[in-house]
Structures are given as C-alpha cells and as structure tokens.
file entry18.pdb (PDB, C-alpha atoms, pLDDT in the B column)
ATOM      1  CA  MET A   1     -75.891 -50.771-149.005  1.00 45.00           C
ATOM      2  CA  THR A   2     -77.973 -48.478-146.818  1.00 48.00           C
ATOM      3  CA  SER A   3     -80.067 -49.686-143.911  1.00 51.00           C
ATOM      4  CA  GLN A   4     -81.911 -48.086-141.021  1.00 77.00           C
ATOM      5  CA  GLU A   5     -81.438 -51.205-138.908  1.00 89.00           C
ATOM      6  CA  THR A   6     -78.945 -50.825-136.093  1.00 93.00           C
ATOM      7  CA  VAL A   7     -75.976 -53.070-135.445  1.00 96.00           C
ATOM      8  CA  GLU A   8     -73.717 -53.378-132.419  1.00 96.00           C
ATOM      9  CA  ILE A   9     -70.260 -51.853-132.728  1.00 96.00           C
ATOM     10  CA  HIS A  10     -67.588 -51.147-130.130  1.00 96.00           C
ATOM     11  CA  ILE A  11     -65.882 -47.825-129.429  1.00 96.00           C
ATOM     12  CA  ARG A  12     -62.609 -47.657-127.493  1.00 96.00           C
ATOM     13  CA  LEU A  13     -62.789 -45.754-124.215  1.00 96.00           C
ATOM     14  CA  LEU A  14     -59.979 -43.310-123.479  1.00 96.00           C
ATOM     15  CA  ASN A  15     -58.467 -42.496-120.078  1.00 93.00           C
ATOM     16  CA  GLU A  16     -59.691 -45.708-118.418  1.00 92.00           C
ATOM     17  CA  GLY A  17     -56.318 -46.995-117.208  1.00 90.00           C
ATOM     18  CA  THR A  18     -56.816 -50.253-119.100  1.00 91.00           C
ATOM     19  CA  GLU A  19     -57.705 -51.029-122.720  1.00 90.00           C
ATOM     20  CA  THR A  20     -61.493 -51.245-122.915  1.00 92.00           C
ATOM     21  CA  ALA A  21     -64.356 -50.567-125.300  1.00 94.00           C
ATOM     22  CA  ARG A  22     -68.054 -49.694-125.016  1.00 94.00           C
ATOM     23  CA  ALA A  23     -70.682 -51.518-127.022  1.00 94.00           C
ATOM     24  CA  THR A  24     -73.141 -49.177-128.697  1.00 96.00           C
ATOM     25  CA  GLU A  25     -75.508 -49.141-131.652  1.00 96.00           C
ATOM     26  CA  ALA A  26     -74.767 -47.790-135.104  1.00 97.00           C
ATOM     27  CA  VAL A  27     -76.459 -47.488-138.461  1.00 97.00           C
ATOM     28  CA  GLN A  28     -74.564 -48.918-141.422  1.00 96.00           C
ATOM     29  CA  ILE A  29     -74.328 -46.282-144.156  1.00 95.00           C
ATOM     30  CA  ALA A  30     -71.962 -48.100-146.547  1.00 95.00           C
ATOM     31  CA  GLU A  31     -69.821 -51.216-146.602  1.00 94.00           C
ATOM     32  CA  GLY A  32     -67.671 -50.995-143.453  1.00 95.00           C
ATOM     33  CA  LEU A  33     -68.945 -47.499-142.546  1.00 97.00           C
ATOM     34  CA  PHE A  34     -71.264 -46.783-139.632  1.00 98.00           C
ATOM     35  CA  LYS A  35     -72.863 -43.750-137.968  1.00 98.00           C
ATOM     36  CA  VAL A  36     -72.327 -44.011-134.202  1.00 98.00           C
ATOM     37  CA  LEU A  37     -75.407 -43.773-131.975  1.00 96.00           C
ATOM     38  CA  PRO A  38     -75.222 -43.070-128.223  1.00 93.00           C
ATOM     39  CA  THR A  39     -76.101 -45.696-125.639  1.00 91.00           C
ATOM     40  CA  PRO A  40     -79.273 -44.880-123.663  1.00 91.00           C
ATOM     41  CA  ASN A  41     -77.152 -43.832-120.664  1.00 91.00           C
ATOM     42  CA  TYR A  42     -74.369 -42.078-122.640  1.00 93.00           C
ATOM     43  CA  ASP A  43     -72.598 -39.564-120.389  1.00 94.00           C
ATOM     44  CA  PRO A  44     -69.577 -37.745-121.858  1.00 93.00           C
ATOM     45  CA  GLU A  45     -68.669 -36.621-118.325  1.00 93.00           C
ATOM     46  CA  ASP A  46     -68.317 -40.283-117.226  1.00 94.00           C
ATOM     47  CA  GLU A  47     -66.674 -41.884-120.286  1.00 94.00           C
ATOM     48  CA  THR A  48     -64.475 -40.504-123.045  1.00 96.00           C
ATOM     49  CA  TRP A  49     -65.285 -42.310-126.286  1.00 97.00           C
ATOM     50  CA  GLU A  50     -62.607 -42.393-129.003  1.00 98.00           C
ATOM     51  CA  PHE A  51     -65.349 -41.511-131.530  1.00 98.00           C
ATOM     52  CA  LEU A  52     -68.372 -39.489-130.402  1.00 97.00           C
ATOM     53  CA  PRO A  53     -72.020 -40.254-131.195  1.00 97.00           C
ATOM     54  CA  GLY A  54     -72.893 -38.812-134.593  1.00 97.00           C
ATOM     55  CA  SER A  55     -69.464 -39.654-136.036  1.00 97.00           C
ATOM     56  CA  VAL A  56     -69.146 -41.783-139.146  1.00 98.00           C
ATOM     57  CA  VAL A  57     -66.528 -44.452-138.527  1.00 98.00           C
ATOM     58  CA  GLU A  58     -64.873 -47.320-140.325  1.00 98.00           C
ATOM     59  CA  CYS A  59     -65.228 -50.613-138.452  1.00 98.00           C
ATOM     60  CA  LYS A  60     -63.202 -53.817-138.696  1.00 97.00           C
ATOM     61  CA  MET A  61     -63.778 -57.225-137.141  1.00 95.00           C
ATOM     62  CA  SER A  62     -61.635 -57.613-134.018  1.00 93.00           C
ATOM     63  CA  ASN A  63     -60.992 -60.273-131.370  1.00 89.00           C
ATOM     64  CA  GLN A  64     -59.267 -57.734-129.126  1.00 81.00           C
ATOM     65  CA  TYR A  65     -61.987 -57.714-126.449  1.00 73.00           C
ATOM     66  CA  ALA A  66     -62.404 -61.455-125.724  1.00 74.00           C
ATOM     67  CA  ARG A  67     -64.966 -62.091-128.458  1.00 84.00           C
ATOM     68  CA  PRO A  68     -65.353 -61.154-132.110  1.00 91.00           C
ATOM     69  CA  CYS A  69     -66.867 -57.705-132.556  1.00 93.00           C
ATOM     70  CA  LEU A  70     -67.027 -54.776-134.947  1.00 96.00           C
ATOM     71  CA  LEU A  71     -64.525 -52.248-133.612  1.00 97.00           C
ATOM     72  CA  ALA A  72     -64.453 -48.617-134.758  1.00 98.00           C
ATOM     73  CA  VAL A  73     -60.922 -47.962-136.032  1.00 97.00           C
ATOM     74  CA  LYS A  74     -61.062 -44.687-137.984  1.00 98.00           C
ATOM     75  CA  LYS A  75     -63.205 -41.565-138.082  1.00 98.00           C
ATOM     76  CA  ILE A  76     -64.406 -40.733-141.579  1.00 97.00           C
ATOM     77  CA  ARG A  77     -66.381 -37.602-140.635  1.00 94.00           C
TER      78      ARG A  77
END
call {"tool": "encode", "arguments": {"input": "entry18.pdb", "output": "structure tokens"}}
result
Amino acid sequence: MTSQETVEIHIRLLNEGTETARATEAVQIAEGLFKVLPTPNYDPEDETWEFLPGSVVECKMSNQYARPCLLAVKKIR
C-alpha cells in the first residue's frame, strides 16, 4: 500500500525530563512503515526527536500518551 496522504504519528522527545511525544505528519510507504515529516514549526535546537524528519520508521498503536495513537518505535532507514 502506497499513499501520498498524510497521517498523524507520534515521535518520542528525548531530554525532556518526562516521557513525552510530539505529534507530526507522516506518509505511509508500506504496512506499518511511515516516512516522518516535520511539523511546520520543527526546530531541532528546541526539541530532540527520537527519529528525525525524513526517517522511515515502524509505527505501532500505543495508549502510552493518554489516547490511542500511532507511535514510532523503530527506525528502518
């Protein structure tokens, strides 16, 4: 399955002092695999994302952040 439509995924933020994640957009490139897109105000000096924009990541459904979401769990490339 390949689509140019974007979906919302979540990327863990590092060095925040508490477990948190940032919602961002991604393009699904295969079942469970997504290419991470930056948020409009993405600033690598302000937030350290576990997986950077442009990465291809595997996502799994998670309830870790108070509501069900697609959470990036592994970098593929």
call {"tool": "residues_near_point", "arguments": {"input": "entry18.pdb", "point": "(-66.6, -49.3, -147.1)", "cutoff": "10 Å", "atoms": "all atoms listed in the file", "output": "JSON, numbers by chain"}}
result
{"A": [1, 28, 29, 30, 31, 32, 33, 34, 57, 58, 59]}
call {"tool": "write_last_selection", "arguments": {"input": "entry18.pdb", "atoms": "C-alpha atoms", "output": "PDB file, in the coordinates of the input"}}
result
ATOM      1  CA  MET A   1     -75.891 -50.771-149.005  1.00 45.00           C
ATOM      2  CA  GLN A  28     -74.564 -48.918-141.422  1.00 96.00           C
ATOM      3  CA  ILE A  29     -74.328 -46.282-144.156  1.00 95.00           C
ATOM      4  CA  ALA A  30     -71.962 -48.100-146.547  1.00 95.00           C
ATOM      5  CA  GLU A  31     -69.821 -51.216-146.602  1.00 94.00           C
ATOM      6  CA  GLY A  32     -67.671 -50.995-143.453  1.00 95.00           C
ATOM      7  CA  LEU A  33     -68.945 -47.499-142.546  1.00 97.00           C
ATOM      8  CA  PHE A  34     -71.264 -46.783-139.632  1.00 98.00           C
ATOM      9  CA  VAL A  57     -66.528 -44.452-138.527  1.00 98.00           C
ATOM     10  CA  GLU A  58     -64.873 -47.320-140.325  1.00 98.00           C
ATOM     11  CA  CYS A  59     -65.228 -50.613-138.452  1.00 98.00           C
TER      12      CYS A  59
END
call {"tool": "resolve_selection", "arguments": {"input": "entry18.pdb", "expression": "the PyMOL selection byres ((chain A and resi 72) around 10)", "output": "list in words"}}
result
Ile9, His10, Ile11, Arg12, Ala21, Gly32, Leu33, Phe34, Val36, Glu50, Phe51, Val56, Val57, Glu58, Cys59, Lys60, Met61, Ser62, Cys69, Leu70, Leu71, Val73, Lys74 and Lys75 of chain A
call {"tool": "write_last_selection", "arguments": {"input": "entry18.pdb", "atoms": "C-alpha atoms", "output": "PDB file, in the coordinates of the input"}}
result
ATOM      1  CA  ILE A   9     -70.260 -51.853-132.728  1.00 96.00           C
ATOM      2  CA  HIS A  10     -67.588 -51.147-130.130  1.00 96.00           C
ATOM      3  CA  ILE A  11     -65.882 -47.825-129.429  1.00 96.00           C
ATOM      4  CA  ARG A  12     -62.609 -47.657-127.493  1.00 96.00           C
ATOM      5  CA  ALA A  21     -64.356 -50.567-125.300  1.00 94.00           C
ATOM      6  CA  GLY A  32     -67.671 -50.995-143.453  1.00 95.00           C
ATOM      7  CA  LEU A  33     -68.945 -47.499-142.546  1.00 97.00           C
ATOM      8  CA  PHE A  34     -71.264 -46.783-139.632  1.00 98.00           C
ATOM      9  CA  VAL A  36     -72.327 -44.011-134.202  1.00 98.00           C
ATOM     10  CA  GLU A  50     -62.607 -42.393-129.003  1.00 98.00           C
ATOM     11  CA  PHE A  51     -65.349 -41.511-131.530  1.00 98.00           C
ATOM     12  CA  VAL A  56     -69.146 -41.783-139.146  1.00 98.00           C
ATOM     13  CA  VAL A  57     -66.528 -44.452-138.527  1.00 98.00           C
ATOM     14  CA  GLU A  58     -64.873 -47.320-140.325  1.00 98.00           C
ATOM     15  CA  CYS A  59     -65.228 -50.613-138.452  1.00 98.00           C
ATOM     16  CA  LYS A  60     -63.202 -53.817-138.696  1.00 97.00           C
ATOM     17  CA  MET A  61     -63.778 -57.225-137.141  1.00 95.00           C
ATOM     18  CA  SER A  62     -61.635 -57.613-134.018  1.00 93.00           C
ATOM     19  CA  CYS A  69     -66.867 -57.705-132.556  1.00 93.00           C
ATOM     20  CA  LEU A  70     -67.027 -54.776-134.947  1.00 96.00           C
ATOM     21  CA  LEU A  71     -64.525 -52.248-133.612  1.00 97.00           C
ATOM     22  CA  VAL A  73     -60.922 -47.962-136.032  1.00 97.00           C
ATOM     23  CA  LYS A  74     -61.062 -44.687-137.984  1.00 98.00           C
ATOM     24  CA  LYS A  75     -63.205 -41.565-138.082  1.00 98.00           C
TER      25      LYS A  75
END
call {"tool": "closest_residue", "arguments": {"input": "entry18.pdb", "among": "A:Pro68, A:Leu13, A:Ala26, A:Glu19", "to": "Pro44 (chain A)", "atoms": "only C-alpha atoms"}}
result
A:Leu13
call {"tool": "atom_distance", "arguments": {"input": "entry18.pdb", "atom1": "CA of Lys35 (chain A)", "atom2": "CA of Ala23 (chain A)"}}
result
13.6 Å
call {"tool": "atom_distance", "arguments": {"input": "entry18.pdb", "atom1": "CA of Trp49 (chain A)", "atom2": "CA of Tyr65 (chain A)"}}
result
15.8 Å
call {"tool": "closest_residue", "arguments": {"input": "entry18.pdb", "among": "A:Gln64, A:Pro53, A:Asp46, A:Thr39", "to": "Thr20 (chain A)", "atoms": "only C-alpha atoms"}}
result
A:Gln64
call {"tool": "atom_distance", "arguments": {"input": "entry18.pdb", "atom1": "CA of Thr24 (chain A)", "atom2": "CA of Gly54 (chain A)"}}
result
11.9 Å
call {"tool": "closest_residue", "arguments": {"input": "entry18.pdb", "among": "A:Ala66, A:Val7, A:Ile76, A:Leu52", "to": "Pro38 (chain A)", "atoms": "only C-alpha atoms"}}
result
A:Leu52
call {"tool": "closest_residue", "arguments": {"input": "entry18.pdb", "among": "A:Val27, A:Arg77, A:Gln4, A:Arg67", "to": "Ser55 (chain A)", "atoms": "all atoms listed in the file"}}
result
A:Arg77
call {"tool": "axis_aligned_box", "arguments": {"input": "entry18.pdb", "around": "region 3-14 of chain A", "padding_each_side": "5 Å", "output": "AutoDock Vina command-line options"}}
result
--center_x -70.9 --center_y -48.3 --center_z -133.7 --size_x 31.9 --size_y 20.1 --size_z 30.4
